[in-house]
$ cat entry-v4.txt   # compact mmCIF, C-alpha atoms
# COMPACT_ATOMS: atom_id res chain seq x y z
CA MET A 1 37.85 -20.94 38.46
CA SER A 2 38.55 -24.63 37.92
CA LEU A 3 36.33 -26.76 35.71
CA LYS A 4 35.24 -28.73 38.77
CA ASN A 5 34.02 -25.61 40.60
CA THR A 6 32.31 -24.28 37.48
CA LEU A 7 30.43 -27.54 37.04
CA LYS A 8 29.47 -27.54 40.73
CA GLU A 9 28.07 -24.04 40.41
CA LEU A 10 26.07 -25.00 37.37
CA ARG A 11 24.64 -28.04 39.16
CA ASN A 12 23.69 -25.99 42.22
CA SER A 13 21.98 -23.30 40.16
CA ARG A 14 19.94 -26.00 38.44
CA GLU A 15 18.88 -27.41 41.81
CA ASP A 16 17.88 -23.94 43.01
CA SER A 17 15.67 -23.55 40.00
CA LYS A 18 13.78 -26.75 40.84
CA ILE A 19 10.35 -25.84 42.11
CA ASP A 20 9.49 -26.55 45.75
CA TRP A 21 5.96 -27.79 45.12
CA GLU A 22 5.14 -28.14 48.80
CA LYS A 23 6.04 -24.50 49.40
CA ASN A 24 4.18 -23.57 46.24
CA LYS A 25 1.04 -25.30 47.48
CA ASN A 26 1.25 -23.76 50.95
CA GLU A 27 1.73 -20.26 49.55
CA TRP A 28 -1.33 -20.77 47.39
CA ILE A 29 -3.46 -21.99 50.29
CA ASP A 30 -2.27 -19.03 52.37
CA SER A 31 -3.23 -16.61 49.58
CA VAL A 32 -6.72 -18.08 49.43
CA ILE A 33 -7.07 -17.89 53.23
CA ARG A 34 -5.99 -14.22 53.18
CA LEU A 35 -8.56 -13.46 50.51
CA TYR A 36 -11.31 -15.14 52.51
CA LYS A 37 -10.29 -13.24 55.66
CA LYS A 38 -10.42 -9.98 53.76
CA ILE A 39 -13.90 -10.76 52.48
CA GLN A 40 -15.32 -12.11 55.74
CA ASP A 41 -13.56 -9.98 58.36
CA ASP A 42 -13.32 -6.76 56.42
CA TRP A 43 -15.44 -6.21 53.32
CA PHE A 44 -18.56 -8.17 54.32
CA ALA A 45 -18.28 -8.08 58.12
CA GLU A 46 -21.13 -5.60 58.45
CA LEU A 47 -23.42 -7.63 56.18
CA GLU A 48 -22.74 -10.73 58.22
CA ASP A 49 -23.24 -8.93 61.53
CA GLU A 50 -26.65 -7.76 60.35
CA GLU A 51 -27.41 -11.35 59.26
CA LEU A 52 -27.98 -10.31 55.68
CA ILE A 53 -25.49 -12.93 54.58
CA LYS A 54 -23.95 -16.04 56.08
CA ILE A 55 -20.42 -17.04 55.13
CA GLN A 56 -19.25 -20.65 55.33
CA LEU A 57 -15.92 -22.22 54.54
CA LEU A 58 -16.25 -25.78 53.27
CA PRO A 59 -13.29 -28.07 52.58
CA ILE A 60 -12.83 -29.44 49.06
CA SER A 61 -10.22 -31.71 47.56
CA VAL A 62 -8.10 -30.53 44.60
CA PHE A 63 -5.65 -32.58 42.55
CA GLU A 64 -2.84 -30.90 40.62
CA GLU A 65 0.08 -32.41 38.76
CA HIS A 66 3.34 -32.18 40.77
CA ILE A 67 1.47 -31.01 43.88
CA GLY A 68 -0.84 -33.98 44.29
CA THR A 69 -4.13 -33.99 46.18
CA TYR A 70 -4.68 -31.40 48.84
CA SER A 71 -7.47 -29.92 50.88
CA ILE A 72 -8.48 -26.28 50.52
CA ASP A 73 -11.62 -24.37 51.46
CA LYS A 74 -14.29 -23.03 49.18
CA MET A 75 -16.34 -20.08 50.43
CA GLU A 76 -20.11 -19.95 50.24
CA ILE A 77 -21.89 -16.67 50.81
CA SER A 78 -25.57 -17.36 51.46
CA TYR A 79 -28.26 -14.70 51.38
CA ALA A 80 -32.07 -14.82 51.47
CA THR A 81 -32.63 -16.27 48.02
CA GLY A 82 -29.34 -17.74 46.87
CA ASN A 83 -25.68 -18.60 47.33
CA ILE A 84 -22.47 -17.24 45.89
CA VAL A 85 -19.53 -19.62 45.60
CA LEU A 86 -15.78 -18.98 45.55
CA GLU A 87 -14.21 -22.29 44.58
CA PRO A 88 -10.42 -22.69 44.25
CA VAL A 89 -9.48 -24.39 41.00
CA GLY A 90 -5.74 -24.59 41.42
CA ARG A 91 -2.34 -22.99 41.81
CA ASN A 92 -0.81 -24.07 38.50
CA ILE A 93 -2.63 -21.88 36.06
CA ILE A 94 -1.41 -20.77 32.67
CA GLY A 95 -1.18 -17.00 32.73
CA GLY A 96 -1.61 -16.57 36.48
CA GLU A 97 -0.57 -17.81 39.90
CA GLY A 98 -3.85 -19.30 40.98
CA ARG A 99 -7.50 -19.39 40.01
CA ILE A 100 -10.76 -19.34 41.93
CA ASP A 101 -14.08 -19.80 40.14
CA PHE A 102 -16.60 -17.25 41.36
CA TYR A 103 -20.23 -17.95 40.55
CA PHE A 104 -23.82 -17.90 41.64
CA LYS A 105 -24.72 -21.43 42.78
CA GLY A 106 -26.59 -23.25 40.03
CA GLU A 107 -25.34 -20.81 37.38
CA PHE A 108 -21.71 -21.85 36.98
CA SER A 109 -21.66 -20.94 33.31
CA LYS A 110 -22.41 -17.28 34.09
CA GLY A 111 -19.59 -17.02 36.58
CA ILE A 112 -16.26 -15.24 36.41
CA MET A 113 -12.72 -16.18 37.36
CA LEU A 114 -10.59 -14.72 40.13
CA ILE A 115 -7.00 -14.89 39.02
CA LEU A 116 -4.10 -14.36 41.40
CA PHE A 117 -1.06 -12.35 40.40
CA ARG A 118 1.73 -11.71 42.88
CA ASP A 119 3.75 -8.54 42.84
CA ASN A 120 6.66 -8.19 45.29
CA GLY A 121 5.09 -10.80 47.55
CA GLU A 122 1.70 -9.05 47.56
CA ASP A 123 -1.45 -10.80 46.38
CA ASN A 124 -3.41 -9.09 43.64
CA TRP A 125 -6.64 -10.78 42.66
CA PHE A 126 -8.34 -9.89 39.41
CA LEU A 127 -11.87 -10.53 38.23
CA VAL A 128 -11.45 -12.02 34.75
CA SER A 129 -14.26 -12.29 32.24
CA LYS A 130 -15.15 -15.66 30.78
CA GLN A 131 -15.81 -14.00 27.45
CA ASN A 132 -12.36 -12.50 27.10
CA SER A 133 -9.48 -13.20 29.49
CA ARG A 134 -7.99 -9.78 28.68
CA ASP A 135 -11.08 -8.15 30.18
CA ARG A 136 -10.10 -7.92 33.84
CA GLU A 137 -10.48 -5.67 36.86
CA LEU A 138 -8.77 -5.60 40.22
CA LEU A 139 -10.80 -7.30 42.92
CA THR A 140 -11.86 -4.75 45.52
CA LYS A 141 -14.83 -4.46 47.86
CA THR A 142 -16.54 -2.33 45.21
CA THR A 143 -15.93 -4.62 42.25
CA LEU A 144 -16.91 -7.69 44.29
CA GLU A 145 -20.17 -6.06 45.40
CA LYS A 146 -20.87 -4.92 41.84
CA ALA A 147 -20.45 -8.47 40.51
CA ILE A 148 -22.76 -9.92 43.16
CA GLU A 149 -25.39 -7.21 42.67
CA LYS A 150 -25.39 -7.92 38.94
CA TRP A 151 -26.12 -11.61 39.56
CA ILE A 152 -28.85 -10.91 42.05
CA GLU A 153 -30.57 -8.48 39.68
CA GLU A 154 -30.45 -10.87 36.68
CA MET B 1 -27.66 -16.43 29.44
CA PHE B 2 -25.38 -17.02 26.49
CA GLU B 3 -21.71 -16.22 26.47
CA LYS B 4 -21.55 -13.02 24.47
CA ARG B 5 -19.21 -13.29 21.49
CA THR B 6 -17.14 -10.24 20.71
CA LYS B 7 -16.17 -11.19 17.16
CA THR B 8 -17.98 -12.55 14.12
CA ILE B 9 -17.14 -16.20 13.65
CA LYS B 10 -16.41 -17.19 10.06
CA SER B 11 -16.23 -20.94 10.41
CA GLU B 12 -19.69 -22.50 10.13
CA GLU B 13 -18.45 -25.71 11.73
CA LEU B 14 -17.00 -24.00 14.79
CA LEU B 15 -20.09 -21.81 15.10
CA HIS B 16 -22.27 -24.91 14.96
CA VAL B 17 -20.37 -26.41 17.91
CA PHE B 18 -20.81 -23.18 19.87
CA ASN B 19 -24.54 -22.99 19.08
CA LYS B 20 -25.00 -26.58 20.25
CA HIS B 21 -23.19 -25.64 23.46
CA ASN B 22 -25.66 -22.81 24.04
CA THR B 23 -28.60 -25.12 23.30
CA LEU B 24 -27.38 -27.63 25.85
CA LEU B 25 -26.69 -24.87 28.35
CA THR B 26 -30.24 -23.56 27.97
CA LEU B 27 -31.62 -27.06 28.49
CA CYS B 28 -29.41 -27.48 31.55
CA ILE B 29 -30.61 -24.24 33.15
CA LYS B 30 -34.25 -25.07 32.42
CA ALA B 31 -33.82 -28.58 33.81
CA LYS B 32 -32.33 -27.13 36.97
CA GLU B 33 -35.29 -24.75 37.40
CA ARG B 34 -37.73 -27.58 36.83
CA ALA B 35 -35.91 -29.85 39.26
CA VAL B 36 -35.97 -27.19 41.98
CA ALA B 37 -39.69 -26.59 41.42
CA ASP B 38 -40.69 -30.27 41.36
CA LYS B 39 -41.37 -31.16 44.99
CA THR B 40 -42.21 -34.78 44.13
CA ASP B 41 -38.60 -35.35 43.03
CA LYS B 42 -39.88 -37.52 40.18
CA TYR B 43 -38.12 -35.31 37.65
CA LEU B 44 -34.88 -35.63 39.58
CA THR B 45 -35.23 -39.39 39.54
CA ASP B 46 -35.76 -39.25 35.77
CA LEU B 47 -32.52 -37.26 35.52
CA GLY B 48 -30.66 -39.82 37.57
CA LEU B 49 -30.18 -37.66 40.65
CA ASN B 50 -31.37 -39.43 43.77
CA LEU B 51 -32.10 -37.19 46.75
CA ILE B 52 -34.19 -39.70 48.67
CA GLY B 53 -33.22 -39.60 52.31
CA LYS B 54 -31.47 -36.22 52.03
CA LYS B 55 -32.57 -33.39 54.29
CA THR B 56 -35.20 -31.09 52.78
CA LYS B 57 -33.24 -27.97 53.67
CA ASP B 58 -30.28 -29.26 51.66
CA ARG B 59 -32.36 -30.22 48.63
CA LYS B 60 -32.21 -26.99 46.67
CA ASN B 61 -28.47 -26.59 47.28
CA MET B 62 -27.77 -30.14 46.19
CA ILE B 63 -29.72 -29.68 42.99
CA LYS B 64 -27.85 -26.48 42.20
CA GLU B 65 -24.48 -28.08 42.97
CA TYR B 66 -25.31 -30.99 40.71
CA PHE B 67 -26.19 -28.70 37.81
CA ASP B 68 -23.04 -26.68 38.38
CA THR B 69 -21.03 -29.86 37.78
CA VAL B 70 -23.08 -30.51 34.64
CA GLN B 71 -22.24 -27.00 33.38
CA LYS B 72 -18.53 -27.49 34.13
CA ASP B 73 -18.51 -30.74 32.16
CA LEU B 74 -20.42 -29.08 29.34
CA GLU B 75 -17.79 -26.35 29.03
CA ASP B 76 -14.97 -28.90 28.97
CA ASN B 77 -16.75 -31.05 26.38
CA THR B 78 -17.40 -28.04 24.19
CA ILE B 79 -13.71 -27.14 24.22
CA LEU B 80 -12.92 -30.73 23.21
CA ASN B 81 -15.47 -30.51 20.39
CA LEU B 82 -14.16 -27.17 19.18
CA VAL B 83 -10.62 -28.53 18.95
CA ALA B 84 -11.91 -31.69 17.23
CA SER B 85 -13.77 -29.59 14.63
CA PHE B 86 -10.72 -27.40 14.10
CA GLU B 87 -8.61 -30.52 13.62
CA LYS B 88 -11.10 -31.89 11.09
CA ILE B 89 -11.15 -28.67 9.06
CA VAL B 90 -7.37 -28.45 8.98
CA PHE B 91 -6.95 -32.12 8.07
CA ASN B 92 -9.48 -31.78 5.27
CA ASN B 93 -7.34 -29.05 3.75
CA ILE B 94 -3.88 -30.48 4.29
CA PRO B 95 -3.94 -32.82 1.23
CA ILE B 96 -4.90 -29.85 -0.96
CA ALA B 97 -1.99 -27.80 0.39
CA ILE B 98 0.45 -30.69 0.02
CA ASN B 99 -0.67 -31.52 -3.51
CA HIS B 100 -0.47 -27.92 -4.64
CA SER B 101 2.94 -27.39 -3.03
CA GLN B 102 4.32 -30.40 -4.85
CA LYS B 103 2.93 -29.17 -8.20
CA ILE B 104 4.45 -25.73 -7.71
CA LEU B 105 7.81 -27.23 -6.79
CA LYS B 106 7.73 -29.58 -9.76
CA SER B 107 6.86 -26.84 -12.21
CA HIS B 108 9.21 -24.18 -10.85
CA TYR B 109 12.20 -26.12 -9.58
CA LYS B 110 14.80 -26.42 -12.33
CA GLU B 111 16.35 -29.74 -13.25
CA SER B 112 19.77 -28.24 -12.79
CA GLU B 113 19.08 -27.55 -9.10
CA PRO B 114 20.13 -30.00 -6.34
CA PHE B 115 17.73 -32.87 -5.58
CA SER B 116 15.59 -31.93 -8.56
CA SER B 117 14.49 -35.53 -9.21
CA SER B 118 13.25 -35.95 -5.65
CA ILE B 119 12.22 -32.39 -4.83
CA LYS B 120 8.62 -33.40 -4.11
CA SER B 121 9.79 -35.38 -1.09
CA PHE B 122 10.86 -32.10 0.54
CA VAL B 123 7.17 -31.40 1.06
CA LYS B 124 5.59 -32.98 4.12
CA SER B 125 3.16 -35.83 3.62
CA THR B 126 -0.14 -36.41 5.41
CA GLN B 127 1.63 -39.08 7.48
CA ASP B 128 3.94 -36.36 8.82
CA ILE B 129 0.97 -34.35 10.08
CA ASN B 130 -1.28 -36.94 11.62
CA ASN B 131 -2.34 -35.39 14.92
CA ILE B 132 -3.19 -32.07 16.51
CA SER B 133 0.38 -31.51 17.72
CA GLY B 134 1.58 -32.08 14.16
CA ILE B 135 -0.86 -29.43 13.00
CA GLN B 136 0.51 -27.03 15.60
CA ASN B 137 4.07 -27.56 14.35
CA VAL B 138 3.03 -26.78 10.79
CA LEU B 139 0.97 -23.75 11.73
CA SER B 140 3.60 -22.17 13.98
CA GLY B 141 5.35 -20.69 10.95
CA ASN B 142 2.17 -19.13 9.64
CA ILE B 143 0.67 -17.34 12.62
CA SER B 144 1.90 -14.72 15.06
CA ALA B 145 3.81 -15.75 18.20
CA ALA B 146 0.87 -14.65 20.40
CA LEU B 147 -1.61 -16.71 18.42
CA ASN B 148 0.78 -19.65 18.32
CA ASN B 149 1.09 -19.52 22.12
CA LYS B 150 -2.68 -19.40 22.43
CA LEU B 151 -3.02 -22.42 20.11
CA LYS B 152 -0.50 -24.29 22.25
CA GLU B 153 -2.49 -23.37 25.36
CA ILE B 154 -5.70 -24.62 23.73
CA ILE B 155 -4.10 -27.89 22.63
CA ASP B 156 -2.48 -28.44 26.04
CA TYR B 157 -5.80 -27.81 27.77
CA ARG B 158 -7.54 -30.14 25.34
CA HIS B 159 -5.05 -32.89 26.25
CA ARG B 160 -5.59 -32.14 29.94
CA ILE B 161 -9.37 -32.57 29.64
CA ALA B 162 -9.10 -35.61 27.38
CA HIS B 163 -6.85 -37.36 29.90
CA GLY B 164 -9.02 -36.80 32.96
CA LYS B 165 -7.09 -33.74 34.19
CA ARG B 166 -4.31 -36.02 35.43
CA PHE B 167 -1.60 -33.78 34.09
CA GLY B 168 -1.01 -30.34 32.69
CA ARG B 169 -2.14 -27.02 34.07
CA ASP B 170 -5.51 -25.39 34.25
CA SER B 171 -5.91 -22.17 32.34
CA MET B 172 -8.14 -19.16 31.92
CA LEU B 173 -9.41 -20.53 28.64
CA THR B 174 -13.12 -20.25 28.11
CA VAL B 175 -15.45 -21.59 25.45
CA SER B 176 -15.76 -18.13 23.86
CA GLU B 177 -12.04 -17.51 23.73
CA THR B 178 -11.32 -21.00 22.35
CA LEU B 179 -13.91 -20.47 19.63
CA GLU B 180 -12.58 -17.05 18.65
CA LYS B 181 -8.92 -18.01 18.59
CA LEU B 182 -9.42 -21.21 16.60
CA ASP B 183 -11.56 -19.29 14.12
CA GLU B 184 -8.90 -16.60 13.83
CA ILE B 185 -6.23 -19.20 13.11
CA LEU B 186 -8.39 -20.94 10.51
CA GLU B 187 -9.04 -17.65 8.79
CA ILE B 188 -5.33 -16.86 8.53
CA VAL B 189 -4.28 -20.32 7.40
CA LEU B 190 -7.08 -20.99 4.96
CA LYS B 191 -7.15 -17.49 3.50
CA ARG B 192 -3.50 -17.96 2.53
CA GLN B 193 -4.40 -21.26 0.97
CA GLN B 194 -7.21 -19.57 -0.90
CA GLY B 195 -4.55 -17.34 -2.43
CA TYR B 196 -3.47 -20.49 -4.28
CA THR B 197 -6.86 -22.02 -4.96
CA ASN B 198 -9.17 -19.07 -5.48
CA SER B 199 -12.24 -21.03 -6.32
CA ARG B 200 -12.19 -23.14 -3.16
CA ARG B 201 -14.29 -22.28 -0.05
CA TYR B 202 -12.96 -23.51 3.16
CA ILE B 203 -14.69 -26.56 4.39

$ encode --input "entry-v4.txt" --output "structure tokens"
Amino acid sequence: MSLKNTLKELRNSREDSKIDWEKNKNEWIDSVIRLYKKIQDDWFAELEDEELIKIQLLPISVFEEHIGTYSIDKMEISYATGNIVLEPVGRNIIGGEGRIDFYFKGEFSKGIMLILFRDNGEDNWFLVSKQNSRDRELLTKTTLEKAIEKWIEE
Amino acid sequence: MFEKRTKTIKSEELLHVFNKHNTLLTLCIKAKERAVADKTDKYLTDLGLNLIGKKTKDRKNMIKEYFDTVQKDLEDNTILNLVASFEKIVFNNIPIAINHSQKILKSHYKESEPFSSSIKSFVKSTQDINNISGIQNVLSGNISAALNNKLKEIIDYRHRIAHGKRFGRDSMLTVSETLEKLDEILEIVLKRQQGYTNSRRYI
């Protein structure tokens, strides 16, 4: 291979490794939307149908370096005596591929983090403790309900 | 209520910062409860939160949202304070380490060796380590790779908060984890120093 072609290949591989921040942002927003759909249309559909909870999606504005300012929804789950909030923090997270803060409204400090990890294009959300980030469990209907029940009982 | 610590913290200064955080958090939660209960809104006005003209049905939510932002700021400020205390402890001990290193070099480095007349200048001075990033560079040789990465994450997050979150990445760092990791690093670094100066407690 000539020097010219070698240098061209090196330049192209460097360009490929540049991050497409727009795509990055859109993938993140799509992951959050999929999570909300799972919660509202699947896990908590029955609770909402029986009017035990009310789920709202409210737009918020997030700023991240490289991505800029963008709009994304936070989810509020209201029940008789309180509200639970799922609030996206951002896509660019050290140690993960996205973070949502999950807390009982008015009690942010007692909340937990939902951290996104992607595996072969599939979203895996984990509940991560604020005491120890190694203390984590996979977000499922059961673990989500357990977390909410714990807050309600406290 | 309080973030439950999983390890015993050895640094009195770092523990003091954490205890103040919990005090402020308690006050915040109690203020929120009082604000929700006070239907006259006088207490809210005293706190600087004006809900006059807002719909009654939104009142409780708005109060809770406001106190959530207070708690978020409190967490960020505590992380800043923890790093500042860590920095202060390390900087207090750097002159001792430098002084002792120079003495050891002077007494053990033979005159026949290269640069013997200026061997003390091979030791860093306090001017060389004059900020938190300088501290990180010095410490990276003394702590494990995992702990070094965590220190870098803490320092990067500290810079992010200090500069209005205009740059850098968010993290999963929490007040508890920041406290424990900084304490762990201090214990390693200052214990080694205490191997040289046995009578000295760390400050």

$ closest_atom_pairs --input "entry-v4.txt" --of "chain A" --to "chain B" --cutoff "9 Å" --atoms "only C-alpha atoms" --output "JSON lines"
{"residue": "A:Phe63", "atom": "CA", "partner": "B:Arg166", "partner_atom": "CA", "distance": 8.0}
{"residue": "A:Glu64", "atom": "CA", "partner": "B:Phe167", "partner_atom": "CA", "distance": 7.2}
{"residue": "A:Glu65", "atom": "CA", "partner": "B:Phe167", "partner_atom": "CA", "distance": 5.1}
{"residue": "A:His66", "atom": "CA", "partner": "B:Phe167", "partner_atom": "CA", "distance": 8.5}
{"residue": "A:Gly82", "atom": "CA", "partner": "B:Asn61", "partner_atom": "CA", "distance": 8.9}
{"residue": "A:Asn83", "atom": "CA", "partner": "B:Asn61", "partner_atom": "CA", "distance": 8.5}
{"residue": "A:Val89", "atom": "CA", "partner": "B:Asp170", "partner_atom": "CA", "distance": 7.9}
{"residue": "A:Gly90", "atom": "CA", "partner": "B:Asp170", "partner_atom": "CA", "distance": 7.2}
{"residue": "A:Arg91", "atom": "CA", "partner": "B:Asp170", "partner_atom": "CA", "distance": 8.5}
{"residue": "A:Asn92", "atom": "CA", "partner": "B:Arg169", "partner_atom": "CA", "distance": 5.5}
{"residue": "A:Ile93", "atom": "CA", "partner": "B:Asp170", "partner_atom": "CA", "distance": 4.9}
{"residue": "A:Ile94", "atom": "CA", "partner": "B:Ser171", "partner_atom": "CA", "distance": 4.7}
{"residue": "A:Gly95", "atom": "CA", "partner": "B:Ser171", "partner_atom": "CA", "distance": 7.0}
{"residue": "A:Gly96", "atom": "CA", "partner": "B:Ser171", "partner_atom": "CA", "distance": 8.2}
{"residue": "A:Arg99", "atom": "CA", "partner": "B:Met172", "partner_atom": "CA", "distance": 8.1}
{"residue": "A:Lys105", "atom": "CA", "partner": "B:Lys64", "partner_atom": "CA", "distance": 6.0}
{"residue": "A:Gly106", "atom": "CA", "partner": "B:Lys64", "partner_atom": "CA", "distance": 4.1}
{"residue": "A:Glu107", "atom": "CA", "partner": "B:Asp68", "partner_atom": "CA", "distance": 6.4}
{"residue": "A:Phe108", "atom": "CA", "partner": "B:Asp68", "partner_atom": "CA", "distance": 5.2}
{"residue": "A:Ser109", "atom": "CA", "partner": "B:Gln71", "partner_atom": "CA", "distance": 6.1}
{"residue": "A:Lys110", "atom": "CA", "partner": "B:Met1", "partner_atom": "CA", "distance": 7.1}
{"residue": "A:Met113", "atom": "CA", "partner": "B:Met172", "partner_atom": "CA", "distance": 7.7}
{"residue": "A:Ile115", "atom": "CA", "partner": "B:Met172", "partner_atom": "CA", "distance": 8.4}
{"residue": "A:Val128", "atom": "CA", "partner": "B:Met172", "partner_atom": "CA", "distance": 8.4}
{"residue": "A:Lys130", "atom": "CA", "partner": "B:Thr174", "partner_atom": "CA", "distance": 5.7}
{"residue": "A:Gln131", "atom": "CA", "partner": "B:Ser176", "partner_atom": "CA", "distance": 5.5}
{"residue": "A:Asn132", "atom": "CA", "partner": "B:Glu177", "partner_atom": "CA", "distance": 6.0}
{"residue": "A:Ser133", "atom": "CA", "partner": "B:Met172", "partner_atom": "CA", "distance": 6.6}

$ residues_around --input "entry-v4.txt" --residues "Ser118 of chain B" --least-positions-apart "4" --cutoff "10 Å" --atoms "all atoms listed in the file" --output "PyMOL selection string"
chain B and resi 106+114+122

$ atom_distance --input "entry-v4.txt" --atom1 "atom CA of Leu139 of chain B" --atom2 "atom CA of Ser107 of chain B"
24.8 Å

$ atom_distance --input "entry-v4.txt" --atom1 "atom CA of Asn22 of chain B" --atom2 "atom CA of Thr78 of chain B"
9.8 Å

$ residues_around --input "entry-v4.txt" --residues "segment 33-36 of chain A" --least-positions-apart "5" --cutoff "10 Å" --atoms "only C-alpha atoms" --output "PyMOL selection string"
chain A and resi 27-28+41-43+55+57+72-75+86+123-125

$ residues_around --input "entry-v4.txt" --residues "Ser71 of chain A" --least-positions-apart "5" --cutoff "8 Å" --atoms "only C-alpha atoms" --output "ChimeraX atom specification"
/A:59-62

$ write_last_selection --input "entry-v4.txt" --atoms "C-alpha atoms" --output "mmCIF file, in the frame of the given file"
data_model
loop_
_atom_site.group_PDB
_atom_site.id
_atom_site.type_symbol
_atom_site.label_atom_id
_atom_site.label_comp_id
_atom_site.auth_asym_id
_atom_site.auth_seq_id
_atom_site.Cartn_x
_atom_site.Cartn_y
_atom_site.Cartn_z
ATOM 1 C CA PRO A 59 -13.290 -28.070 52.580
ATOM 2 C CA ILE A 60 -12.830 -29.440 49.060
ATOM 3 C CA SER A 61 -10.220 -31.710 47.560
ATOM 4 C CA VAL A 62 -8.100 -30.530 44.600
#

$ atom_distance --input "entry-v4.txt" --atom1 "atom CA of Ile19 of chain A" --atom2 "atom CA of Arg160 of chain B"
21.0 Å

$ closest_residue --input "entry-v4.txt" --among "B:Leu147, B:Glu187, B:His21, B:Asn130" --to "Ile79 of chain B" --atoms "all atoms listed in the file"
B:His21

$ residues_around --input "entry-v4.txt" --residues "Ser144 of chain B" --least-positions-apart "2" --cutoff "12 Å" --atoms "only C-alpha atoms" --output "ChimeraX atom specification"
/B:139-142,146-151,181,184-185,188-189

$ decode --input "entry-v4.txt" --residues "segment 109-127 of chain A" --atoms "N, CA and C atoms" --output "PDB file, in the first residue's frame"
ATOM      1  N   SER A 109     -33.164  13.823  48.101  1.00  0.00           N
ATOM      2  CA  SER A 109     -31.956  13.243  48.700  1.00  0.00           C
ATOM      3  C   SER A 109     -32.103  11.750  49.006  1.00  0.00           C
ATOM      4  N   LYS A 110     -33.345  11.274  49.115  1.00  0.00           N
ATOM      5  CA  LYS A 110     -33.546   9.842  49.411  1.00  0.00           C
ATOM      6  C   LYS A 110     -33.737   9.027  48.132  1.00  0.00           C
ATOM      7  N   GLY A 111     -33.557   9.666  47.014  1.00  0.00           N
ATOM      8  CA  GLY A 111     -33.833   8.974  45.752  1.00  0.00           C
ATOM      9  C   GLY A 111     -32.728   8.023  45.336  1.00  0.00           C
ATOM     10  N   ILE A 112     -32.947   7.390  44.183  1.00  0.00           N
ATOM     11  CA  ILE A 112     -31.941   6.504  43.611  1.00  0.00           C
ATOM     12  C   ILE A 112     -31.728   6.884  42.150  1.00  0.00           C
ATOM     13  N   MET A 113     -30.715   6.314  41.538  1.00  0.00           N
ATOM     14  CA  MET A 113     -30.409   6.630  40.152  1.00  0.00           C
ATOM     15  C   MET A 113     -30.811   5.457  39.268  1.00  0.00           C
ATOM     16  N   LEU A 114     -31.308   5.785  38.085  1.00  0.00           N
ATOM     17  CA  LEU A 114     -31.504   4.753  37.056  1.00  0.00           C
ATOM     18  C   LEU A 114     -30.393   4.982  36.043  1.00  0.00           C
ATOM     19  N   ILE A 115     -29.560   3.974  35.877  1.00  0.00           N
ATOM     20  CA  ILE A 115     -28.435   4.114  34.965  1.00  0.00           C
ATOM     21  C   ILE A 115     -28.648   3.179  33.785  1.00  0.00           C
ATOM     22  N   LEU A 116     -28.435   3.723  32.591  1.00  0.00           N
ATOM     23  CA  LEU A 116     -28.621   2.964  31.366  1.00  0.00           C
ATOM     24  C   LEU A 116     -27.310   2.311  30.943  1.00  0.00           C
ATOM     25  N   PHE A 117     -27.393   1.033  30.653  1.00  0.00           N
ATOM     26  CA  PHE A 117     -26.288   0.322  30.008  1.00  0.00           C
ATOM     27  C   PHE A 117     -26.870  -0.347  28.778  1.00  0.00           C
ATOM     28  N   ARG A 118     -26.146  -0.266  27.671  1.00  0.00           N
ATOM     29  CA  ARG A 118     -26.634  -0.906  26.440  1.00  0.00           C
ATOM     30  C   ARG A 118     -25.809  -2.142  26.142  1.00  0.00           C
ATOM     31  N   ASP A 119     -26.518  -3.191  25.761  1.00  0.00           N
ATOM     32  CA  ASP A 119     -25.842  -4.446  25.464  1.00  0.00           C
ATOM     33  C   ASP A 119     -26.407  -4.971  24.153  1.00  0.00           C
ATOM     34  N   ASN A 120     -25.573  -5.000  23.109  1.00  0.00           N
ATOM     35  CA  ASN A 120     -26.045  -5.424  21.775  1.00  0.00           C
ATOM     36  C   ASN A 120     -27.287  -4.662  21.345  1.00  0.00           C
ATOM     37  N   GLY A 121     -27.276  -3.360  21.561  1.00  0.00           N
ATOM     38  CA  GLY A 121     -28.386  -2.518  21.124  1.00  0.00           C
ATOM     39  C   GLY A 121     -29.602  -2.564  22.026  1.00  0.00           C
ATOM     40  N   GLU A 122     -29.550  -3.385  23.078  1.00  0.00           N
ATOM     41  CA  GLU A 122     -30.698  -3.466  24.010  1.00  0.00           C
ATOM     42  C   GLU A 122     -30.468  -2.596  25.220  1.00  0.00           C
ATOM     43  N   ASP A 123     -31.540  -1.920  25.665  1.00  0.00           N
ATOM     44  CA  ASP A 123     -31.433  -1.063  26.852  1.00  0.00           C
ATOM     45  C   ASP A 123     -31.551  -1.900  28.104  1.00  0.00           C
ATOM     46  N   ASN A 124     -30.609  -1.712  29.013  1.00  0.00           N
ATOM     47  CA  ASN A 124     -30.718  -2.315  30.340  1.00  0.00           C
ATOM     48  C   ASN A 124     -30.596  -1.197  31.359  1.00  0.00           C
ATOM     49  N   TRP A 125     -31.674  -0.988  32.107  1.00  0.00           N
ATOM     50  CA  TRP A 125     -31.655   0.048  33.137  1.00  0.00           C
ATOM     51  C   TRP A 125     -31.394  -0.605  34.484  1.00  0.00           C
ATOM     52  N   PHE A 126     -30.582   0.057  35.279  1.00  0.00           N
ATOM     53  CA  PHE A 126     -30.265  -0.466  36.608  1.00  0.00           C
ATOM     54  C   PHE A 126     -30.604   0.578  37.668  1.00  0.00           C
ATOM     55  N   LEU A 127     -31.180   0.081  38.763  1.00  0.00           N
ATOM     56  CA  LEU A 127     -31.388   0.942  39.935  1.00  0.00           C
ATOM     57  C   LEU A 127     -30.061   0.968  40.681  1.00  0.00           C
TER      58      LEU A 127
END
